[in-house]
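Have a look at the structure below, then the notes.
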Amino acid sequence: MTDAPENDSLFEAPPMGEQERMVEAILFATADPVSVTELIGRMPHGSDPAEALVHLRKRYEGRGVNVVKVGDAWAIRTASDLGFLMQKETVETRKLSRAAIETLAIVAYQQPVTRAEIEEIRGVSVSRGTIDQLIELEWIRFGRRRMTPGRPVTFVVTQGFLDHFGLENARDLPGLKELRSAGLLESRPPPGAALEIDEAEGEDTDQVDMFEDE
Amino acid sequence: MTDAPENDSLFEAPPMGEQERMVEAILFATADPVSVTELIGRMPHGSDPAEALVHLRKRYEGRGVNVVKVGDAWAIRTASDLGFLMQKETVETRKLSRAAIETLAIVAYQQPVTRAEIEEIRGVSVSRGTIDQLIELEWIRFGRRRMTPGRPVTFVVTQGFLDHFGLENARDLPGLKELRSAGLLESRPPPGAALEIDEAEGEDTDQVDMFEDE
Amino acid sequence: MPTEFQEDATSVSERLAAEALIVDVGAFEGPLDLLLTLSRTQKVDLREISILALAEQYLAFVEQAKQLRLELAADYLVMAAWLAFLKSRLLLPPDPTEEGPSGEELAAHLAFQLERLEAMRGAAAKLMARDQLGRDFFARGITEDVQRVRRVTYTATLLDLMQGYARIRTKDDFRPFVMDREAVMTMEQALDRMRHLIGFAGEWTDISSYLPEGWEMDPARRRSSTAATFAASLELAKEGKIDIRQSETFAPIQIRKRSPQDD
């Protein structure tokens, strides 16, 4: 560890073409998205995987497999128009209940969202099993606690969720902009609950940040 | 998606570029190498995967992953020169234990030296592990056997040792007098140290070694 | 009301539709879901929906369910009570002395809730319609595990080596620093020392004279040896070997050997 940095700096980073090959090999070797940080850690000192990825992504445009961005990580996935060739590989996923699908959508579009908020939106209580199932699928996870009385936990979607639905980012959710401009993503407390309004507004800012800063 | 196969025979086989994409996607996503027969079975009627493979193989020449033949089937594999990327090496640097340093010092200053002699000088037994560690580090090695009863092996320091410690020769190691005049020996007895102290020291040395040799 | 209903439902198909709605109550995901379904019969944009009409529809539905002796979950009944309240608020002229939100505000919020639920349903449908991993696009089939290799290297410097050697060769005058408690005297040491000396102390003697030679000058050593000697004196007194006296607070403490005739 101690001598490595000194030695490494004596050598130049590999040429970009080589770096591209390395990123290609690493992404091909795994089923999970690989973060740029991990790429840096695995490639020779001084490498710039972010730039190599730009080249690699271009190289695979229109091919049978593509380089895709998943959150802040990268993966290679088959082109979705070729899914019909892959009946053999198709994973039969457990059919999600309507409650689970709606809960997932609410978490994705309204994140970070508390259980109480999910219930408020759906108008029914959310069963433990629904949340558990989504956590088990690794599509949602616990986010930061709310700074409101009781400090409830919030839920947010995961990288696995983005990967599964082919999203680069939670901002790319279909129809997100329209829903926001229609005011449907605002947390609007029922009239008469005036006291909570301030806090709720604070939280809403949080939510916007989450989408826009990522 | 599902009706495709029936209609296929009515149409021409997809263009070769498309077939190449298909082979690429299938080889990428399938868990095992895929034979040409299987490719024919999975691709639209009239496809020529063997030819598509020739193109695909060429396309991946010199890339980070290659199209390789495994038995009579085909697979995409990491280029052999990039295998090192599939290893994540963490290097941990530890300080050599006191027992090991002392043993090494005795070998360096008194070589060739037998194990019994090392033990006599240190006043405690030398664990097998300490010797093994120094041999593994390639800092000491076996020397000639002593022409004494039992013909014990001796230890000497290696070229690797001299390189590591920046010495031309083990004889270049400074002697005791030089160490003292260089202020490297701070082991002046404390003023007013009574006789009991010697006993205490004997015990303490033992104890320290016990911990370090383990 | 019930008779009215029977008279109203003249056509068989209408009645069947109404019953189907009731029988399907289990299919609704709560009162909000039911309200959303009912609102569709108004065939207008949710933003222009008549909450009053919707409330009436819901109440009629609950009434029908009661008639058919269907068990309705409590939250459906809570919603019915709330809608009845909302309905009265919407119909009666606003009472300026009354506290709380107006009927219009409550109705607007309900409309917002319905619109939001509908929007989330739509979002869920769009989400599920996307290409999905393992169904429409696929990850790598043959994966290679990243081997984690932990390599440990040991280091030592020439200085370590030389000091190590010096330590061994000068063992006789080398003392590890950790044992360097030269300014500490234990009670055991003091006791040991006093047992030997006390035999000669027939007269009252200041305990400070029992401090070991060379320990009186250094403050740290004096403090430690005084404490140890004092503690040892108490121990000896307890054993009946010596007498202790002190004329007043902070005066010198004196001890002497206890002679057999004192008993």
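Identifiers for the structure tokens are assigned positionally: chains receive A, B, ... in sequence, residues are indexed from 1 per chain, and ligands are indexed from 1 in the order shown.
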
So which residues of region 96-166 of chain B fall under strand (DSSP E) by DSSP, listed as a PyMOL selection string? chain B and resi 113-114+140-142+154-157

Can you list, as a list in words, every protein, DNA or RNA residue that comes within 6 Å of region 155-166 of chain C when you count only C-alpha atoms, leaving out same-chain residues fewer than 4 positions away? Lys95, Leu96, Ile101, Glu102, Ala105 and Phe165 of chain B; Thr170 of chain C

Quick check: residues of chain A within 6 Å of chain B, only C-alpha atoms, returned as a ChimeraX atom specification. /A:1,21-22,24-25,63-65,78,84

Just how far from CA of Val70 (chain B) is CA of Val34 (chain B), in Å to one decimal?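 Between CA of Val34 (chain B) and CA of Val70 (chain B) the gap works out to 8.8 Å.
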
For chain C, list the residues within 7 Å of chain A, counting only C-alpha atoms, and write the list as a PyMOL selection string. chain C and resi 29-32+100-101+105-106+109+113+116-117+120-121+123-124+126-127+130-140+143-144

Give me the residues within 10 Å of Arg40 (chain C) as a PDB file with N, CA and C atoms, in the first residue's frame, counting only C-alpha atoms and dropping any in the same chain fewer than 5 places off.
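out.pdb written:
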ATOM      1  N   LEU C  35     -64.410   5.303  -4.426  1.00  0.00           N
ATOM      2  CA  LEU C  35     -64.816   6.651  -4.852  1.00  0.00           C
ATOM      3  C   LEU C  35     -64.294   6.947  -6.259  1.00  0.00           C
ATOM      4  N   ASP C  45     -63.705  14.986 -16.562  1.00  0.00           N
ATOM      5  CA  ASP C  45     -62.353  15.145 -16.065  1.00  0.00           C
ATOM      6  C   ASP C  45     -62.420  15.196 -14.548  1.00  0.00           C
ATOM      7  N   LEU C  46     -61.497  14.488 -13.912  1.00  0.00           N
ATOM      8  CA  LEU C  46     -61.519  14.436 -12.443  1.00  0.00           C
ATOM      9  C   LEU C  46     -61.476  15.832 -11.825  1.00  0.00           C
ATOM     10  N   ILE C  49     -64.979  17.201 -11.423  1.00  0.00           N
ATOM     11  CA  ILE C  49     -65.943  16.267 -10.847  1.00  0.00           C
ATOM     12  C   ILE C  49     -66.817  16.974  -9.808  1.00  0.00           C
ATOM     13  N   LEU C  54     -70.757  12.822  -6.131  1.00  0.00           N
ATOM     14  CA  LEU C  54     -69.970  11.636  -5.784  1.00  0.00           C
ATOM     15  C   LEU C  54     -70.320  11.156  -4.377  1.00  0.00           C
TER      16      LEU C  54
END

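Using only C-alpha atoms, the smallest distance between any of B:Phe155, B:Ser35, B:Arg144, B:Met16 and Ala116 (chain B) comes from B:Phe155.
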
Determine, counting only C-alpha atoms, which protein, DNA and RNA residues have an atom within 9 Å of an atom of Ile131 (chain A); residues of the same chain fewer than 3 positions away are not included. Present the result as a PyMOL selection string. chain A and resi 100+103-104+115+126-128+134-136+140

Let's see if you can do this: from backbone DSSP, list all alpha helix (DSSP H) residues in region 30-204 of chain A, as a PyMOL selection string. chain A and resi 36-42+49-59+98-110+115-122+128-136+159-164+176-181+194-204

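CA of Val113 (chain A) to CA of Arg141 (chain A) spans 10.9 Å [interatomic distance, one decimal].
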
Just how far from CA of Arg256 (chain C) is CA of Gly199 (chain C), in Å to one decimal? 9.3 Å
